[in-house]
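> Below you'll find the structure I mean.
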Amino acid sequence: MPLSDNKDVMGIALVGSGDVNDRHAAAVAASPGVQIAGVFDLDDKDQMSGSFDALLVDAEAPQLAALAPAFERMGVPVLAETPTGSVPSAWAGGGSALVMVRPHRYTPGALTVKSVVAGGDLGSVVLARVVDLGRGSENLSGERLAGTPAVDLARWLVDDRPVSVYAQGHRATGSDEWRYVNVMIRFDRGATALCEFGTTADGGTNNEIFLQGTHGAMTLPSAVGFTPESGPSQEVAFRRQLDDFVDQVRHGRVVADSNVDFQAAVEMAVVRSLASGDVVTLDIEAAKGGRFP
Amino acid sequence: MSEPQQPLGVVLVGYDGAGTQNHQLDMYEPAFAHHPRFVIRAVTDLGASEGRVEISRRRAQALAVPYIEDPLAAIARPDVDLVGACVGFDHRVGLVQMAAAEGKHVFIDKPMALTIQEVEAISELVSAAGVLCVPAHHLRFKDPIRRAAESLAQGTIGALESVHADFIVTSGATRAAAENPEVWPLGELMNFVVYPVDSIRAMTGLEVVRVHATRGGFFYGGADDEDFGVMSLTLEGGVIATVTVGRAPVAGHLDGLTHRYRIVGSGGDLMVDANNPAAIVHGGGRSRRIPYVTQADSVTVLLDHLADAIAGDGPVPVGPGDARASLAVTLAARRAADTGAVVDL
């Protein structure tokens, strides 16, 4: 009997191997009622068979796009590592629901802020300041330059379509790479987000979410960042998102991530604005299928 | 033993302001009245409405000084050294012209003027007359901001990298309007940008060179009501600054105002809460903070410096150049917000 026919135990396949699926494997192992029903390499798309209730995918953006048709055929929800800077356009128009891995949204601080916003005490968010500084000591390059956690948290809390991006930053000493980035995002209904990410020069941490809404304001000072890099907070965040995803799958109401295009467009605009020193107006359509420079 | 200094005579010109604002009544008159180095000699008006004139007359009576109909006659009194100006914006250049012609110094409400041309006209008038014109940029003299400036100057956090300010007022335009707040009729960017920008300039000693901004009307039901703005600034030397300003009528705010700075340097951070020091009270049906000052309030400290400068015992604390710098940022922010571009100063 396929696992998926046993409603008490959900079968999940892991596609791709990397840090994210390592964390997912640990989360699955700790979650009652969920089992790993298959493990596949990214180039196994023709061999992916079996009965699964959902897929957990750890892939770069181009690989994710290439696998999209196979996933569509399988017709099961997909929880995938965030494809920074590119959009798996194969998902446009429907098919299996795509949900992106966003453990930062499942950190205790972020969940607290979101619950207040959802509760309506703040009204509509007019300003979101998200400070996520001091994680790691590496300079910002590749996908880290796009500031995914801070930018995504701000967009998630403002809950609107971004229309322009202006980024400034500081480069690392003796390097062309950026160490600190400050991004200002303007949203369609007039809200603004200020996002800071990267490292402080002295390696200290500095993290906060400050929201001003039409009816109230809130501050969340945080001793830890919003990117669960390691340790217990990482385990908790991945476990929470997996549990949330599993719950959605189990009840047949997976909420597909409709904002992937926005996220990719903002991330690419951050890089372009840093390079040009100018405001970048977002072209959501052009972002589809775009590549990180 | 040195001669005791005679207090400086002050004529208060106007209890005026856009909308319901009355900084003369709320801040300047009390500071002058209680300051040992100033004495209020008279009250007058220039271009004020009947209602505002009535306020001036009542205050003159309360202060036991004459209300003088003719502003020039009031300014020209031999026992007047300083004009405390709180008149409408249409009359500020004219008032400074009167004061300068009589060789009297000027202490003037903020923002000093609404256009760069007016600021420059005022600057030229007082410069030619050899008198001082001090705009009321008093928040740079709040204890936490002065201490931050000292700390930065001492290199406590190393090389300055970024500054992040929030200046969000949660009450009405005046104390009387606290239960029925109104947006300032000339826009809250024009009203408030001067405070955090002037404080940042005072703390860092750096000028703003680039501005990007957003603005809008979110709290008073009209998109044309500019009640909130966000700025991303570049200071000299590539230092990054972000500033939020506005009036957001949030009931029950602990301080009635969010006013803070997060300053990041190569060797550490400096967190400045300009509402501190304050007592925190939970009771009486609500929680609140009661700020207190350890030395003197910021207007009084500004007047200390003004008195020193007039006596030749200290530098000019703030001048038309400071008013120009803040106004330039305000105007650039509006232009940037409306065009979606970055504006170079």
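Residue numbering restarts at 1 in every chain; chains get A, B, ... in the order shown in the structure tokens, and ligands count up from 1 in that same order.
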Hey, could you make a per-residue contact list for chain A against chain B with 8 Å as the cut-off, showing the nearest pair of atoms and its distance in Å to one decimal, counting only C-alpha atoms, sorted by chain and number, as JSON lines?

```
{"residue": "A:Val126", "atom": "CA", "partner": "B:Phe218", "partner_atom": "CA", "distance": 7.5}
{"residue": "A:Tyr166", "atom": "CA", "partner": "B:His212", "partner_atom": "CA", "distance": 7.8}
{"residue": "A:Gln168", "atom": "CA", "partner": "B:Ile240", "partner_atom": "CA", "distance": 7.2}
{"residue": "A:Gly169", "atom": "CA", "partner": "B:Ile240", "partner_atom": "CA", "distance": 7.6}
{"residue": "A:His170", "atom": "CA", "partner": "B:Glu161", "partner_atom": "CA", "distance": 7.9}
{"residue": "A:Met184", "atom": "CA", "partner": "B:Ser232", "partner_atom": "CA", "distance": 7.0}
{"residue": "A:Arg186", "atom": "CA", "partner": "B:Thr214", "partner_atom": "CA", "distance": 7.3}
{"residue": "A:Gly190", "atom": "CA", "partner": "B:Gly216", "partner_atom": "CA", "distance": 6.7}
{"residue": "A:Thr192", "atom": "CA", "partner": "B:Val230", "partner_atom": "CA", "distance": 7.2}
{"residue": "A:Leu194", "atom": "CA", "partner": "B:Thr242", "partner_atom": "CA", "distance": 8.0}
{"residue": "A:Thr200", "atom": "CA", "partner": "B:Ser266", "partner_atom": "CA", "distance": 7.3}
{"residue": "A:Ala201", "atom": "CA", "partner": "B:Ser266", "partner_atom": "CA", "distance": 4.8}
{"residue": "A:Asp202", "atom": "CA", "partner": "B:Gly267", "partner_atom": "CA", "distance": 5.2}
{"residue": "A:Gly204", "atom": "CA", "partner": "B:Gly268", "partner_atom": "CA", "distance": 7.3}
{"residue": "A:Thr214", "atom": "CA", "partner": "B:Phe219", "partner_atom": "CA", "distance": 6.0}
{"residue": "A:His215", "atom": "CA", "partner": "B:Val250", "partner_atom": "CA", "distance": 6.1}
{"residue": "A:Gly216", "atom": "CA", "partner": "B:Val250", "partner_atom": "CA", "distance": 5.4}
{"residue": "A:Ala217", "atom": "CA", "partner": "B:Val250", "partner_atom": "CA", "distance": 7.5}
{"residue": "A:Asp278", "atom": "CA", "partner": "B:Val342", "partner_atom": "CA", "distance": 6.5}
{"residue": "A:Val279", "atom": "CA", "partner": "B:Ala341", "partner_atom": "CA", "distance": 6.1}
```
> Could you write out the selected residues, including N, CA, C and O atoms, as a PDB file, in the first residue's frame?

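The result, stored in part03.pdb:
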```
ATOM      1  N   VAL A 126       2.656  50.744   7.244  1.00  0.00           N
ATOM      2  CA  VAL A 126       3.131  51.882   6.455  1.00  0.00           C
ATOM      3  C   VAL A 126       4.649  51.845   6.321  1.00  0.00           C
ATOM      4  O   VAL A 126       5.217  52.241   5.302  1.00  0.00           O
ATOM      5  N   TYR A 166      15.892  51.010  -3.827  1.00  0.00           N
ATOM      6  CA  TYR A 166      17.091  51.830  -3.788  1.00  0.00           C
ATOM      7  C   TYR A 166      18.017  51.235  -2.745  1.00  0.00           C
ATOM      8  O   TYR A 166      17.631  51.058  -1.586  1.00  0.00           O
ATOM      9  N   GLN A 168      21.955  51.054  -0.911  1.00  0.00           N
ATOM     10  CA  GLN A 168      23.283  51.594  -0.643  1.00  0.00           C
ATOM     11  C   GLN A 168      24.044  50.545   0.159  1.00  0.00           C
ATOM     12  O   GLN A 168      23.426  49.665   0.760  1.00  0.00           O
ATOM     13  N   GLY A 169      25.364  50.668   0.188  1.00  0.00           N
ATOM     14  CA  GLY A 169      26.101  49.688   0.966  1.00  0.00           C
ATOM     15  C   GLY A 169      27.514  50.106   1.261  1.00  0.00           C
ATOM     16  O   GLY A 169      27.981  51.154   0.809  1.00  0.00           O
ATOM     17  N   HIS A 170      28.175  49.275   2.047  1.00  0.00           N
ATOM     18  CA  HIS A 170      29.599  49.446   2.334  1.00  0.00           C
ATOM     19  C   HIS A 170      30.325  48.189   1.861  1.00  0.00           C
ATOM     20  O   HIS A 170      29.886  47.068   2.146  1.00  0.00           O
ATOM     21  N   MET A 184      15.977  50.307   0.450  1.00  0.00           N
ATOM     22  CA  MET A 184      14.693  50.993   0.645  1.00  0.00           C
ATOM     23  C   MET A 184      13.749  50.513  -0.453  1.00  0.00           C
ATOM     24  O   MET A 184      14.053  50.654  -1.641  1.00  0.00           O
ATOM     25  N   ARG A 186       9.906  50.612  -2.065  1.00  0.00           N
ATOM     26  CA  ARG A 186       8.635  51.336  -2.119  1.00  0.00           C
ATOM     27  C   ARG A 186       7.564  50.381  -2.633  1.00  0.00           C
ATOM     28  O   ARG A 186       7.780  49.665  -3.610  1.00  0.00           O
ATOM     29  N   GLY A 190       1.975  52.626  -1.231  1.00  0.00           N
ATOM     30  CA  GLY A 190       2.656  53.729  -0.576  1.00  0.00           C
ATOM     31  C   GLY A 190       3.522  53.366   0.607  1.00  0.00           C
ATOM     32  O   GLY A 190       4.258  54.217   1.106  1.00  0.00           O
ATOM     33  N   THR A 192       6.606  51.746   2.782  1.00  0.00           N
ATOM     34  CA  THR A 192       8.047  51.716   2.535  1.00  0.00           C
ATOM     35  C   THR A 192       8.690  50.711   3.475  1.00  0.00           C
ATOM     36  O   THR A 192       8.283  50.597   4.641  1.00  0.00           O
ATOM     37  N   LEU A 194      12.578  49.532   4.965  1.00  0.00           N
ATOM     38  CA  LEU A 194      14.016  49.757   5.079  1.00  0.00           C
ATOM     39  C   LEU A 194      14.619  48.461   5.599  1.00  0.00           C
ATOM     40  O   LEU A 194      14.279  48.016   6.697  1.00  0.00           O
ATOM     41  N   THR A 200      28.263  43.590  10.611  1.00  0.00           N
ATOM     42  CA  THR A 200      28.817  44.813  11.175  1.00  0.00           C
ATOM     43  C   THR A 200      30.337  44.676  11.182  1.00  0.00           C
ATOM     44  O   THR A 200      30.880  43.573  11.200  1.00  0.00           O
ATOM     45  N   ALA A 201      30.997  45.831  11.181  1.00  0.00           N
ATOM     46  CA  ALA A 201      32.450  45.810  11.074  1.00  0.00           C
ATOM     47  C   ALA A 201      33.092  45.093  12.257  1.00  0.00           C
ATOM     48  O   ALA A 201      34.123  44.438  12.124  1.00  0.00           O
ATOM     49  N   ASP A 202      32.462  45.198  13.409  1.00  0.00           N
ATOM     50  CA  ASP A 202      33.063  44.569  14.591  1.00  0.00           C
ATOM     51  C   ASP A 202      32.517  43.172  14.839  1.00  0.00           C
ATOM     52  O   ASP A 202      32.833  42.552  15.847  1.00  0.00           O
ATOM     53  N   GLY A 204      29.572  42.274  15.588  1.00  0.00           N
ATOM     54  CA  GLY A 204      28.472  42.193  16.544  1.00  0.00           C
ATOM     55  C   GLY A 204      27.147  41.962  15.841  1.00  0.00           C
ATOM     56  O   GLY A 204      27.046  42.063  14.624  1.00  0.00           O
ATOM     57  N   THR A 214      -1.067  52.008  10.310  1.00  0.00           N
ATOM     58  CA  THR A 214      -2.030  53.108  10.326  1.00  0.00           C
ATOM     59  C   THR A 214      -2.727  53.244  11.680  1.00  0.00           C
ATOM     60  O   THR A 214      -3.274  54.290  11.991  1.00  0.00           O
ATOM     61  N   HIS A 215      -2.694  52.180  12.487  1.00  0.00           N
ATOM     62  CA  HIS A 215      -3.351  52.253  13.789  1.00  0.00           C
ATOM     63  C   HIS A 215      -2.435  51.963  14.966  1.00  0.00           C
ATOM     64  O   HIS A 215      -2.888  52.024  16.113  1.00  0.00           O
ATOM     65  N   GLY A 216      -1.198  51.644  14.704  1.00  0.00           N
ATOM     66  CA  GLY A 216      -0.314  51.336  15.812  1.00  0.00           C
ATOM     67  C   GLY A 216       1.100  51.083  15.330  1.00  0.00           C
ATOM     68  O   GLY A 216       1.384  51.118  14.135  1.00  0.00           O
ATOM     69  N   ALA A 217       1.973  50.854  16.292  1.00  0.00           N
ATOM     70  CA  ALA A 217       3.376  50.607  15.970  1.00  0.00           C
ATOM     71  C   ALA A 217       3.897  49.506  16.867  1.00  0.00           C
ATOM     72  O   ALA A 217       3.356  49.278  17.964  1.00  0.00           O
ATOM     73  N   ASP A 278      21.463  54.084  -8.371  1.00  0.00           N
ATOM     74  CA  ASP A 278      20.183  54.708  -8.684  1.00  0.00           C
ATOM     75  C   ASP A 278      19.016  53.857  -8.190  1.00  0.00           C
ATOM     76  O   ASP A 278      19.183  52.692  -7.829  1.00  0.00           O
ATOM     77  N   VAL A 279      17.847  54.453  -8.252  1.00  0.00           N
ATOM     78  CA  VAL A 279      16.621  53.726  -7.939  1.00  0.00           C
ATOM     79  C   VAL A 279      16.311  52.787  -9.104  1.00  0.00           C
ATOM     80  O   VAL A 279      16.458  53.164 -10.270  1.00  0.00           O
TER      81      VAL A 279
END
```
> List the neighbours of range 29-31 of chain A out to 9 Å using only C-alpha atoms; skip same-chain residues closer than 6 positions along the sequence, and give me the result as a list in words.
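Once the adjacent positions are removed, what remains is Arg239, Leu242 and Asp243 of chain A.
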> Selection from above, N, CA and C atoms, as an mmCIF file, in the first residue's frame, can you write it?

```
data_model
loop_
_atom_site.group_PDB
_atom_site.id
_atom_site.type_symbol
_atom_site.label_atom_id
_atom_site.label_comp_id
_atom_site.auth_asym_id
_atom_site.auth_seq_id
_atom_site.Cartn_x
_atom_site.Cartn_y
_atom_site.Cartn_z
ATOM 1 N N ARG A 239 11.615 22.927 11.278
ATOM 2 C CA ARG A 239 10.565 22.014 11.748
ATOM 3 C C ARG A 239 9.191 22.693 11.668
ATOM 4 N N LEU A 242 8.102 22.947 8.055
ATOM 5 C CA LEU A 242 7.703 21.623 7.564
ATOM 6 C C LEU A 242 6.352 21.215 8.150
ATOM 7 N N ASP A 243 6.179 21.439 9.432
ATOM 8 C CA ASP A 243 4.907 21.075 10.060
ATOM 9 C C ASP A 243 3.748 21.852 9.417
#
```
> Could you check the closest approach to Thr148 in chain A for each of A:Ile209, A:Val125, A:Val183, A:Gln35 and tell me which residue wins, using only C-alpha atoms?
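So, comparing all the options, the nearest one is A:Val183.
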> For Gly84 in chain B, work out the shell of residues within 8 Å, counting only C-alpha atoms and skipping chain neighbours fewer than 3 positions away, then give it as a PyMOL selection string.
chain B and resi 10-13+28+106-108
> Those same residues - all heavy atoms - I'd like them written as a PDB file, in the first residue's frame.

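Generated output (result13.pdb):
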```
ATOM      1  N   VAL B  10      14.246  90.728  25.659  1.00  0.00           N
ATOM      2  CA  VAL B  10      13.615  89.977  24.572  1.00  0.00           C
ATOM      3  C   VAL B  10      12.248  90.559  24.260  1.00  0.00           C
ATOM      4  O   VAL B  10      11.466  90.832  25.191  1.00  0.00           O
ATOM      5  CB  VAL B  10      13.434  88.489  24.960  1.00  0.00           C
ATOM      6  CG1 VAL B  10      12.782  87.707  23.822  1.00  0.00           C
ATOM      7  CG2 VAL B  10      14.769  87.866  25.338  1.00  0.00           C
ATOM      8  N   VAL B  11      11.963  90.775  23.006  1.00  0.00           N
ATOM      9  CA  VAL B  11      10.597  91.048  22.594  1.00  0.00           C
ATOM     10  C   VAL B  11      10.078  89.800  21.879  1.00  0.00           C
ATOM     11  O   VAL B  11      10.724  89.290  20.948  1.00  0.00           O
ATOM     12  CB  VAL B  11      10.487  92.298  21.693  1.00  0.00           C
ATOM     13  CG1 VAL B  11      11.358  92.193  20.439  1.00  0.00           C
ATOM     14  CG2 VAL B  11       9.029  92.551  21.297  1.00  0.00           C
ATOM     15  N   LEU B  12       8.975  89.293  22.345  1.00  0.00           N
ATOM     16  CA  LEU B  12       8.362  88.127  21.696  1.00  0.00           C
ATOM     17  C   LEU B  12       7.460  88.636  20.573  1.00  0.00           C
ATOM     18  O   LEU B  12       6.494  89.358  20.833  1.00  0.00           O
ATOM     19  CB  LEU B  12       7.549  87.313  22.702  1.00  0.00           C
ATOM     20  CG  LEU B  12       8.328  86.747  23.893  1.00  0.00           C
ATOM     21  CD1 LEU B  12       7.388  85.966  24.820  1.00  0.00           C
ATOM     22  CD2 LEU B  12       9.480  85.867  23.433  1.00  0.00           C
ATOM     23  N   VAL B  13       7.803  88.264  19.359  1.00  0.00           N
ATOM     24  CA  VAL B  13       7.017  88.705  18.204  1.00  0.00           C
ATOM     25  C   VAL B  13       6.214  87.512  17.688  1.00  0.00           C
ATOM     26  O   VAL B  13       6.754  86.629  17.040  1.00  0.00           O
ATOM     27  CB  VAL B  13       7.915  89.268  17.095  1.00  0.00           C
ATOM     28  CG1 VAL B  13       7.054  89.824  15.960  1.00  0.00           C
ATOM     29  CG2 VAL B  13       8.824  90.344  17.643  1.00  0.00           C
ATOM     30  N   TYR B  28       8.927  78.420  23.630  1.00  0.00           N
ATOM     31  CA  TYR B  28       9.919  79.495  23.684  1.00  0.00           C
ATOM     32  C   TYR B  28       9.644  80.477  24.817  1.00  0.00           C
ATOM     33  O   TYR B  28      10.559  80.864  25.544  1.00  0.00           O
ATOM     34  CB  TYR B  28       9.997  80.219  22.332  1.00  0.00           C
ATOM     35  CG  TYR B  28      10.162  79.281  21.153  1.00  0.00           C
ATOM     36  CD1 TYR B  28       9.532  79.536  19.937  1.00  0.00           C
ATOM     37  CD2 TYR B  28      10.951  78.134  21.253  1.00  0.00           C
ATOM     38  CE1 TYR B  28       9.674  78.679  18.857  1.00  0.00           C
ATOM     39  CE2 TYR B  28      11.094  77.267  20.172  1.00  0.00           C
ATOM     40  CZ  TYR B  28      10.441  77.543  18.976  1.00  0.00           C
ATOM     41  OH  TYR B  28      10.577  76.693  17.924  1.00  0.00           O
ATOM     42  N   VAL B 106      18.176  87.724  16.507  1.00  0.00           N
ATOM     43  CA  VAL B 106      16.896  87.044  16.264  1.00  0.00           C
ATOM     44  C   VAL B 106      17.001  85.579  16.684  1.00  0.00           C
ATOM     45  O   VAL B 106      17.965  84.882  16.342  1.00  0.00           O
ATOM     46  CB  VAL B 106      16.510  87.111  14.766  1.00  0.00           C
ATOM     47  CG1 VAL B 106      15.183  86.375  14.527  1.00  0.00           C
ATOM     48  CG2 VAL B 106      16.417  88.546  14.293  1.00  0.00           C
ATOM     49  N   PHE B 107      16.008  85.134  17.426  1.00  0.00           N
ATOM     50  CA  PHE B 107      15.800  83.703  17.701  1.00  0.00           C
ATOM     51  C   PHE B 107      14.498  83.353  17.001  1.00  0.00           C
ATOM     52  O   PHE B 107      13.460  83.975  17.269  1.00  0.00           O
ATOM     53  CB  PHE B 107      15.688  83.466  19.213  1.00  0.00           C
ATOM     54  CG  PHE B 107      15.342  82.050  19.589  1.00  0.00           C
ATOM     55  CD1 PHE B 107      16.333  81.078  19.685  1.00  0.00           C
ATOM     56  CD2 PHE B 107      14.032  81.683  19.869  1.00  0.00           C
ATOM     57  CE1 PHE B 107      16.012  79.780  20.048  1.00  0.00           C
ATOM     58  CE2 PHE B 107      13.708  80.389  20.233  1.00  0.00           C
ATOM     59  CZ  PHE B 107      14.701  79.426  20.320  1.00  0.00           C
ATOM     60  N   ILE B 108      14.526  82.384  16.088  1.00  0.00           N
ATOM     61  CA  ILE B 108      13.383  82.205  15.197  1.00  0.00           C
ATOM     62  C   ILE B 108      12.902  80.763  15.186  1.00  0.00           C
ATOM     63  O   ILE B 108      13.710  79.820  15.230  1.00  0.00           O
ATOM     64  CB  ILE B 108      13.750  82.703  13.767  1.00  0.00           C
ATOM     65  CG1 ILE B 108      12.517  82.781  12.870  1.00  0.00           C
ATOM     66  CG2 ILE B 108      14.847  81.855  13.144  1.00  0.00           C
ATOM     67  CD1 ILE B 108      12.774  83.590  11.591  1.00  0.00           C
TER      68      ILE B 108
END
```
> Determine, counting only C-alpha atoms, which protein, DNA and RNA residues have an atom within 12 Å of an atom of Gly94 in chain B; residues of the same chain fewer than 6 positions away are not included. Present the result as number ranges by chain.
B: 46-47, 71-72, 85, 87-88, 100-101, 113, 118-119, 121-122, 125-126
> Rank A:Phe52, A:Phe187, A:Phe245, A:Tyr106 by their smallest atom-to-atom distance to Val163 in chain A, using only C-alpha atoms, and report the top residue only.
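Result for the nearest residue to Val163 in chain A: A:Phe187.
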> I'd like to know which residues of range 148-278 of chain A are strand (DSSP E or B) (by DSSP, run on the backbone); could you write them as JSON, numbers by chain?
{"A": [162, 163, 164, 165, 166, 167, 168, 169, 170, 171, 178, 179, 180, 181, 182, 183, 184, 185, 186, 187, 192, 193, 194, 195, 196, 197, 198, 206, 207, 208, 209, 210, 211, 212, 213, 217, 218, 219, 220, 221, 222]}
> Could those residues be written to a file, using C-alpha atoms, as a CSV table (one decimal), in the first residue's frame?

```
chain,number,residue,atom,x,y,z
A,162,PRO,CA,7.0,46.3,-4.5
A,163,VAL,CA,7.5,48.9,-7.1
A,164,SER,CA,11.0,50.3,-6.7
A,165,VAL,CA,14.2,49.6,-4.9
A,166,TYR,CA,17.1,51.8,-3.8
A,167,ALA,CA,20.2,50.2,-2.2
A,168,GLN,CA,23.3,51.6,-0.6
A,169,GLY,CA,26.1,49.7,1.0
A,170,HIS,CA,29.6,49.4,2.3
A,171,ARG,CA,32.2,47.3,0.7
A,178,TRP,CA,29.8,44.2,-0.2
A,179,ARG,CA,29.8,43.8,3.6
A,180,TYR,CA,26.7,45.9,4.5
A,181,VAL,CA,23.6,46.7,2.5
A,182,ASN,CA,20.7,49.0,3.2
A,183,VAL,CA,17.7,48.7,0.9
A,184,MET,CA,14.7,51.0,0.6
A,185,ILE,CA,11.7,49.4,-1.0
A,186,ARG,CA,8.6,51.3,-2.1
A,187,PHE,CA,5.3,49.5,-2.3
A,192,THR,CA,8.0,51.7,2.5
A,193,ALA,CA,10.5,49.1,3.8
A,194,LEU,CA,14.0,49.8,5.1
A,195,CYS,CA,16.1,46.6,5.2
A,196,GLU,CA,19.6,46.2,6.5
A,197,PHE,CA,21.6,43.1,6.2
A,198,GLY,CA,25.2,41.9,6.2
A,206,ASN,CA,22.2,44.1,15.5
A,207,ASN,CA,18.7,42.9,14.8
A,208,GLU,CA,15.3,44.5,15.0
A,209,ILE,CA,11.9,44.7,13.4
A,210,PHE,CA,10.1,48.0,13.7
A,211,LEU,CA,6.6,48.5,12.2
A,212,GLN,CA,4.5,51.6,11.9
A,213,GLY,CA,1.0,50.9,10.9
A,217,ALA,CA,3.4,50.6,16.0
A,218,MET,CA,5.5,47.8,17.3
A,219,THR,CA,9.2,47.1,17.9
A,220,LEU,CA,10.8,43.7,18.2
A,221,PRO,CA,14.3,44.0,19.4
A,222,SER,CA,16.1,40.7,18.9
```
> Pull the helix (DSSP H, G or I) assignments for range 123-270 of chain A out of DSSP run on the backbone, and list those residues as an MDAnalysis selection string.
chainID A and resid 142:146 148:158 231:250 260:270
